[in-house]
Amino acid sequence: MCRHLAYLGPPRTLHSLVYGPPHSLEKQAWEPKLCVRNKLNADGFGVGWYAGDRTLRYRRAQPIWTDTGFAELSEVLTAGIALAAVRSATPGFPVDESGAQPLRCERWLFSHNGRVEGFGAVEAKLRELAGDLSLVPEARAPLDSALLFARAVRSWRGGRNLADGLAETVRTAAAIAPGDYNLLASDGSGIAATAWGASLFVRATDQAAVIASEPYDGNPAWQRVPDRSLVAAHRHGDTVRLAVHPLR
């Protein structure tokens with residue numbers, strides 16, 4: 001299982017989000033508390049954020065703790081919305097940069113914590129549901145998450161909002177194969193995630209929200225998102241609104 005998180009709120013440095021907390025995403029790469037199937041998330045990492053009309057992304061196939069250059073650079077990079085992930089590759093999928101998340105297409109950033117069980121048996125069906133992969137270049141990556149991303153993009157382009165697109169993707173995938181479908185995404189204006197098989201937590205105030213695989217500090221405001229639920233946060237004027245709904 002991978003670890004990922006998303007932030008929405010006043011601009012803050014990427015370092016304060018990814019490296020700064022006592023149980024930061026960097027620490028979760030080598031000492032996660034709630035991973036079920038693995039003890040390390042050392043098969044790559046990525047961070048995506050927004051700067052004006054640009055959707056920026058940095059990713060590598062190496063463990064996050066070995067990239068001291070980005071750790072230093074992150075101290076001067078700020079964002080009001082960011083999404084980051086550390087990867088534990090599912091056996092059978094390559095460990096290269098194409099598999100490091102978040103994946104990106106236009107304004108969308110996407111991460112998948114989990115796996116599609118029996119992927120080989122349902123890959124053709126998932127490709128059919130994903131649609132034309134040439135329209136989502138990063139969906140050509142050789143991993144199950146890429147096809148889930150393509151399906152989500154297809155939903156978003158079809159008119160669904162960020163949260164509804166993730167929900168539709170999970171329902172579609174789970175109908176053809178069991179698996180862990182913890183999806184996390186941003187469209188540059190909000191963040192949304194699904195809890196389906198793996199841990200997910202949220203911490204929110206009127207000004208900011210963080211969604212994460214596991215809490216990055218001991219603040220008692222963290223709340224566990226029930227399994228098979230959808231959580232979304234968006235700005236409404238000067239405040240951030242959060243909603244949690246069951247996935248049926």
# chains A, B, ... in the order shown; residues from 1 in each chain; ligands from 1
call {"tool": "residues_around", "arguments": {"residues": "Leu25 of chain A", "least_positions_apart": "4", "cutoff": "12 Å", "atoms": "only C-alpha atoms", "output": "number ranges by chain"}}
result
A: 2-6, 14-21, 29-33, 40-42, 45-47, 63-65, 71, 83-87, 212-217
call {"tool": "write_last_selection", "arguments": {"atoms": "N, CA and C atoms", "output": "mmCIF file, in the first residue's frame"}}
result
data_model
loop_
_atom_site.group_PDB
_atom_site.id
_atom_site.type_symbol
_atom_site.label_atom_id
_atom_site.label_comp_id
_atom_site.auth_asym_id
_atom_site.auth_seq_id
_atom_site.Cartn_x
_atom_site.Cartn_y
_atom_site.Cartn_z
ATOM 1 N N CYS A 2 0.500 2.232 -0.741
ATOM 2 C CA CYS A 2 1.219 3.499 -0.782
ATOM 3 C C CYS A 2 0.708 4.413 0.331
ATOM 4 N N ARG A 3 1.267 5.607 0.408
ATOM 5 C CA ARG A 3 0.776 6.644 1.310
ATOM 6 C C ARG A 3 0.602 7.906 0.484
ATOM 7 N N HIS A 4 -0.495 8.614 0.698
ATOM 8 C CA HIS A 4 -0.661 9.869 -0.024
ATOM 9 C C HIS A 4 -1.428 10.875 0.822
ATOM 10 N N LEU A 5 -1.360 12.137 0.383
ATOM 11 C CA LEU A 5 -2.070 13.196 1.089
ATOM 12 C C LEU A 5 -2.363 14.334 0.129
ATOM 13 N N ALA A 6 -3.358 15.145 0.495
ATOM 14 C CA ALA A 6 -3.702 16.351 -0.265
ATOM 15 C C ALA A 6 -4.027 17.465 0.712
ATOM 16 N N LEU A 14 5.788 23.497 0.511
ATOM 17 C CA LEU A 14 5.680 22.058 0.306
ATOM 18 C C LEU A 14 6.476 21.303 1.359
ATOM 19 N N HIS A 15 7.546 21.912 1.839
ATOM 20 C CA HIS A 15 8.347 21.271 2.884
ATOM 21 C C HIS A 15 7.527 21.084 4.155
ATOM 22 N N SER A 16 6.732 22.091 4.517
ATOM 23 C CA SER A 16 5.925 21.994 5.736
ATOM 24 C C SER A 16 4.851 20.921 5.628
ATOM 25 N N LEU A 17 4.497 20.563 4.420
ATOM 26 C CA LEU A 17 3.457 19.568 4.191
ATOM 27 C C LEU A 17 4.040 18.163 4.084
ATOM 28 N N VAL A 18 5.149 18.035 3.369
ATOM 29 C CA VAL A 18 5.691 16.711 3.035
ATOM 30 C C VAL A 18 6.783 16.249 3.996
ATOM 31 N N TYR A 19 7.584 17.197 4.496
ATOM 32 C CA TYR A 19 8.741 16.836 5.320
ATOM 33 C C TYR A 19 8.648 17.300 6.772
ATOM 34 N N GLY A 20 7.911 18.359 7.030
ATOM 35 C CA GLY A 20 7.961 19.005 8.322
ATOM 36 C C GLY A 20 7.285 18.307 9.481
ATOM 37 N N PRO A 21 6.099 17.710 9.314
ATOM 38 C CA PRO A 21 5.389 17.123 10.462
ATOM 39 C C PRO A 21 6.170 15.977 11.105
ATOM 40 N N ALA A 29 7.282 6.925 4.383
ATOM 41 C CA ALA A 29 7.912 6.122 3.332
ATOM 42 C C ALA A 29 8.753 4.997 3.922
ATOM 43 N N TRP A 30 9.352 5.224 5.085
ATOM 44 C CA TRP A 30 10.186 4.176 5.674
ATOM 45 C C TRP A 30 9.666 3.645 7.013
ATOM 46 N N GLU A 31 8.671 4.302 7.590
ATOM 47 C CA GLU A 31 8.105 3.812 8.846
ATOM 48 C C GLU A 31 6.612 4.122 8.928
ATOM 49 N N PRO A 32 5.811 3.556 8.016
ATOM 50 C CA PRO A 32 4.366 3.801 8.083
ATOM 51 C C PRO A 32 3.765 3.069 9.283
ATOM 52 N N LYS A 33 2.679 3.624 9.787
ATOM 53 C CA LYS A 33 2.011 3.009 10.938
ATOM 54 C C LYS A 33 0.835 2.127 10.531
ATOM 55 N N LEU A 40 7.606 -0.670 3.746
ATOM 56 C CA LEU A 40 8.321 0.427 3.106
ATOM 57 C C LEU A 40 7.512 0.972 1.937
ATOM 58 N N ASN A 41 7.641 2.262 1.695
ATOM 59 C CA ASN A 41 7.093 2.904 0.499
ATOM 60 C C ASN A 41 8.251 3.602 -0.198
ATOM 61 N N ALA A 42 9.129 2.781 -0.770
ATOM 62 C CA ALA A 42 10.423 3.256 -1.259
ATOM 63 C C ALA A 42 10.577 3.160 -2.772
ATOM 64 N N PHE A 45 8.261 8.571 -5.528
ATOM 65 C CA PHE A 45 7.420 9.564 -4.873
ATOM 66 C C PHE A 45 7.114 10.674 -5.857
ATOM 67 N N GLY A 46 6.141 11.479 -5.512
ATOM 68 C CA GLY A 46 5.812 12.622 -6.352
ATOM 69 C C GLY A 46 5.044 13.665 -5.561
ATOM 70 N N VAL A 47 5.148 14.902 -6.025
ATOM 71 C CA VAL A 47 4.410 16.012 -5.437
ATOM 72 C C VAL A 47 3.857 16.844 -6.586
ATOM 73 N N PRO A 63 13.542 6.438 -3.543
ATOM 74 C CA PRO A 63 12.898 6.746 -2.258
ATOM 75 C C PRO A 63 12.960 8.245 -1.976
ATOM 76 N N ILE A 64 11.922 8.768 -1.362
ATOM 77 C CA ILE A 64 11.851 10.202 -1.126
ATOM 78 C C ILE A 64 12.994 10.699 -0.248
ATOM 79 N N TRP A 65 13.454 9.871 0.702
ATOM 80 C CA TRP A 65 14.486 10.340 1.624
ATOM 81 C C TRP A 65 15.860 10.456 0.954
ATOM 82 N N ALA A 71 14.020 18.108 -1.308
ATOM 83 C CA ALA A 71 13.715 18.492 0.078
ATOM 84 C C ALA A 71 14.134 19.939 0.329
ATOM 85 N N LEU A 83 -0.775 17.884 -3.722
ATOM 86 C CA LEU A 83 -1.041 16.455 -3.601
ATOM 87 C C LEU A 83 0.288 15.732 -3.686
ATOM 88 N N ALA A 84 0.544 14.833 -2.748
ATOM 89 C CA ALA A 84 1.830 14.137 -2.701
ATOM 90 C C ALA A 84 1.614 12.663 -2.389
ATOM 91 N N ALA A 85 2.564 11.837 -2.838
ATOM 92 C CA ALA A 85 2.445 10.391 -2.624
ATOM 93 C C ALA A 85 3.818 9.746 -2.566
ATOM 94 N N VAL A 86 3.926 8.684 -1.767
ATOM 95 C CA VAL A 86 5.099 7.804 -1.782
ATOM 96 C C VAL A 86 4.599 6.420 -2.169
ATOM 97 N N ARG A 87 5.406 5.697 -2.938
ATOM 98 C CA ARG A 87 4.919 4.479 -3.586
ATOM 99 C C ARG A 87 5.543 3.203 -3.053
ATOM 100 N N ALA A 212 -5.411 12.448 4.202
ATOM 101 C CA ALA A 212 -4.167 11.672 4.216
ATOM 102 C C ALA A 212 -4.421 10.210 4.541
ATOM 103 N N SER A 213 -3.539 9.347 4.070
ATOM 104 C CA SER A 213 -3.633 7.921 4.365
ATOM 105 C C SER A 213 -3.531 7.655 5.856
ATOM 106 N N GLU A 214 -2.709 8.438 6.535
ATOM 107 C CA GLU A 214 -2.616 8.348 7.975
ATOM 108 C C GLU A 214 -2.206 9.710 8.527
ATOM 109 N N PRO A 215 -2.568 10.033 9.768
ATOM 110 C CA PRO A 215 -2.237 11.343 10.332
ATOM 111 C C PRO A 215 -0.742 11.599 10.322
ATOM 112 N N TYR A 216 -0.356 12.837 10.036
ATOM 113 C CA TYR A 216 1.067 13.158 10.042
ATOM 114 C C TYR A 216 1.527 13.824 11.334
ATOM 115 N N ASP A 217 0.622 13.952 12.301
ATOM 116 C CA ASP A 217 0.999 14.433 13.622
ATOM 117 C C ASP A 217 -0.034 13.936 14.627
#
call {"tool": "select_by_dssp", "arguments": {"residues": "segment 5-129 of chain A", "states": "helix (DSSP H, G or I)", "output": "PyMOL selection string"}}
result
chain A and resi 14-18+25-30+64-66+68-73+97-99+119-129
call {"tool": "closest_atom_pairs", "arguments": {"of": "segment 63-181 of chain A", "to": "segment 199-205 of chain A", "cutoff": "12 Å", "atoms": "only C-alpha atoms", "output": "CSV"}}
result
residue,atom,partner,partner_atom,distance
A:Asn113,CA,A:Ser199,CA,9.4
A:Gly114,CA,A:Ser199,CA,10.2
A:Asp180,CA,A:Ser199,CA,10.0
A:Tyr181,CA,A:Ser199,CA,10.6
call {"tool": "write_last_selection", "arguments": {"atoms": "N, CA and C atoms", "output": "PDB file, in the first residue's frame"}}
result
ATOM      1  N   ASN A 113      -3.897   4.725  -3.886  1.00  0.00           N
ATOM      2  CA  ASN A 113      -3.322   3.903  -2.838  1.00  0.00           C
ATOM      3  C   ASN A 113      -4.107   2.598  -2.819  1.00  0.00           C
ATOM      4  N   GLY A 114      -3.497   1.554  -3.352  1.00  0.00           N
ATOM      5  CA  GLY A 114      -4.197   0.275  -3.406  1.00  0.00           C
ATOM      6  C   GLY A 114      -3.799  -0.521  -4.625  1.00  0.00           C
ATOM      7  N   ASP A 180      -8.363  -2.625  -3.501  1.00  0.00           N
ATOM      8  CA  ASP A 180      -8.311  -1.442  -2.653  1.00  0.00           C
ATOM      9  C   ASP A 180      -8.336  -0.232  -3.566  1.00  0.00           C
ATOM     10  N   TYR A 181      -9.338   0.598  -3.418  1.00  0.00           N
ATOM     11  CA  TYR A 181      -9.548   1.731  -4.331  1.00  0.00           C
ATOM     12  C   TYR A 181      -9.578   3.045  -3.546  1.00  0.00           C
TER      13      TYR A 181
END
call {"tool": "residues_around", "arguments": {"residues": "Phe93 of chain A", "least_positions_apart": "2", "cutoff": "6 Å", "atoms": "only C-alpha atoms", "output": "short mmCIF file (atom, residue, chain, number, x, y, z; two decimals) with C-alpha atoms, in the first residue's frame"}}
result
data_model
loop_
_atom_site.label_atom_id
_atom_site.label_comp_id
_atom_site.auth_asym_id
_atom_site.auth_seq_id
_atom_site.Cartn_x
_atom_site.Cartn_y
_atom_site.Cartn_z
CA THR A 90 2.55 -3.74 -6.57
CA PRO A 91 4.47 -6.91 -7.54
CA LEU A 143 0.16 -0.08 -13.91
#
call {"tool": "atom_distance", "arguments": {"atom1": "atom CA of Gly80 of chain A", "atom2": "atom CA of Tyr7 of chain A"}}
result
7.3 Å
call {"tool": "select_by_dssp", "arguments": {"residues": "segment 78-246 of chain A", "states": "strand (DSSP E)", "output": "ChimeraX atom specification"}}
result
/A:78-86,103-105,108-116,179-186,190-195,201-204,209-212,223-224,229-236,239-246
call {"tool": "write_last_selection", "arguments": {"atoms": "C-alpha atoms", "output": "PDB file, in the first residue's frame"}}
result
ATOM      1  CA  THR A  78       4.462  27.355  -1.747  1.00  0.00           C
ATOM      2  CA  ALA A  79       0.981  26.263  -2.766  1.00  0.00           C
ATOM      3  CA  GLY A  80      -2.617  26.543  -1.629  1.00  0.00           C
ATOM      4  CA  ILE A  81      -3.420  23.122  -3.094  1.00  0.00           C
ATOM      5  CA  ALA A  82      -0.963  20.231  -3.217  1.00  0.00           C
ATOM      6  CA  LEU A  83      -1.041  16.455  -3.601  1.00  0.00           C
ATOM      7  CA  ALA A  84       1.830  14.137  -2.701  1.00  0.00           C
ATOM      8  CA  ALA A  85       2.445  10.391  -2.624  1.00  0.00           C
ATOM      9  CA  VAL A  86       5.099   7.804  -1.782  1.00  0.00           C
ATOM     10  CA  LEU A 103      -0.417  11.284 -12.298  1.00  0.00           C
ATOM     11  CA  ARG A 104      -1.309  14.443 -14.213  1.00  0.00           C
ATOM     12  CA  CYS A 105      -3.590  15.490 -17.070  1.00  0.00           C
ATOM     13  CA  TRP A 108      -6.116  17.110 -12.701  1.00  0.00           C
ATOM     14  CA  LEU A 109      -3.726  15.420 -10.278  1.00  0.00           C
ATOM     15  CA  PHE A 110      -4.438  11.831  -9.208  1.00  0.00           C
ATOM     16  CA  SER A 111      -3.070   9.201  -6.840  1.00  0.00           C
ATOM     17  CA  HIS A 112      -4.135   5.620  -6.118  1.00  0.00           C
ATOM     18  CA  ASN A 113      -3.322   3.903  -2.838  1.00  0.00           C
ATOM     19  CA  GLY A 114      -4.197   0.275  -3.406  1.00  0.00           C
ATOM     20  CA  ARG A 115      -4.367  -2.286  -6.171  1.00  0.00           C
ATOM     21  CA  VAL A 116      -6.758  -4.040  -8.508  1.00  0.00           C
ATOM     22  CA  GLY A 179      -9.354  -4.409  -4.705  1.00  0.00           C
ATOM     23  CA  ASP A 180      -8.311  -1.442  -2.653  1.00  0.00           C
ATOM     24  CA  TYR A 181      -9.548   1.731  -4.331  1.00  0.00           C
ATOM     25  CA  ASN A 182      -8.336   4.632  -2.244  1.00  0.00           C
ATOM     26  CA  LEU A 183      -8.241   7.372  -4.869  1.00  0.00           C
ATOM     27  CA  LEU A 184      -7.143  10.957  -4.280  1.00  0.00           C
ATOM     28  CA  ALA A 185      -7.424  13.860  -6.721  1.00  0.00           C
ATOM     29  CA  SER A 186      -7.422  17.602  -7.245  1.00  0.00           C
ATOM     30  CA  GLY A 190     -10.730  21.417  -4.603  1.00  0.00           C
ATOM     31  CA  ILE A 191      -9.568  18.020  -3.348  1.00  0.00           C
ATOM     32  CA  ALA A 192     -11.450  14.723  -3.065  1.00  0.00           C
ATOM     33  CA  ALA A 193     -10.737  11.141  -2.047  1.00  0.00           C
ATOM     34  CA  THR A 194     -12.305   7.728  -1.628  1.00  0.00           C
ATOM     35  CA  ALA A 195     -11.799   5.295   1.239  1.00  0.00           C
ATOM     36  CA  PHE A 201      -8.088  10.392   7.536  1.00  0.00           C
ATOM     37  CA  VAL A 202      -9.134  14.007   7.307  1.00  0.00           C
ATOM     38  CA  ARG A 203      -8.358  17.099   9.366  1.00  0.00           C
ATOM     39  CA  ALA A 204     -10.270  20.284   8.640  1.00  0.00           C
ATOM     40  CA  ALA A 209      -8.313  20.695   4.983  1.00  0.00           C
ATOM     41  CA  VAL A 210      -5.865  17.820   4.767  1.00  0.00           C
ATOM     42  CA  ILE A 211      -6.777  14.352   3.524  1.00  0.00           C
ATOM     43  CA  ALA A 212      -4.167  11.672   4.216  1.00  0.00           C
ATOM     44  CA  GLN A 223     -10.876  11.948  11.961  1.00  0.00           C
ATOM     45  CA  ARG A 224     -10.916   8.554  10.296  1.00  0.00           C
ATOM     46  CA  SER A 229     -16.852   6.679   1.788  1.00  0.00           C
ATOM     47  CA  LEU A 230     -16.164   9.756  -0.292  1.00  0.00           C
ATOM     48  CA  VAL A 231     -14.655  12.935   1.163  1.00  0.00           C
ATOM     49  CA  ALA A 232     -14.357  16.270  -0.632  1.00  0.00           C
ATOM     50  CA  ALA A 233     -13.193  19.761   0.299  1.00  0.00           C
ATOM     51  CA  HIS A 234     -13.613  22.950  -1.681  1.00  0.00           C
ATOM     52  CA  ARG A 235     -13.351  26.674  -1.149  1.00  0.00           C
ATOM     53  CA  HIS A 236     -16.516  28.668  -0.586  1.00  0.00           C
ATOM     54  CA  THR A 239     -13.748  29.361   3.939  1.00  0.00           C
ATOM     55  CA  VAL A 240     -13.195  25.686   3.182  1.00  0.00           C
ATOM     56  CA  ARG A 241     -16.140  23.328   3.241  1.00  0.00           C
ATOM     57  CA  LEU A 242     -15.786  19.602   3.822  1.00  0.00           C
ATOM     58  CA  ALA A 243     -18.288  16.837   3.139  1.00  0.00           C
ATOM     59  CA  VAL A 244     -18.177  13.074   3.713  1.00  0.00           C
ATOM     60  CA  HIS A 245     -20.668  10.751   2.046  1.00  0.00           C
ATOM     61  CA  PRO A 246     -21.051   6.967   1.862  1.00  0.00           C
TER      62      PRO A 246
END
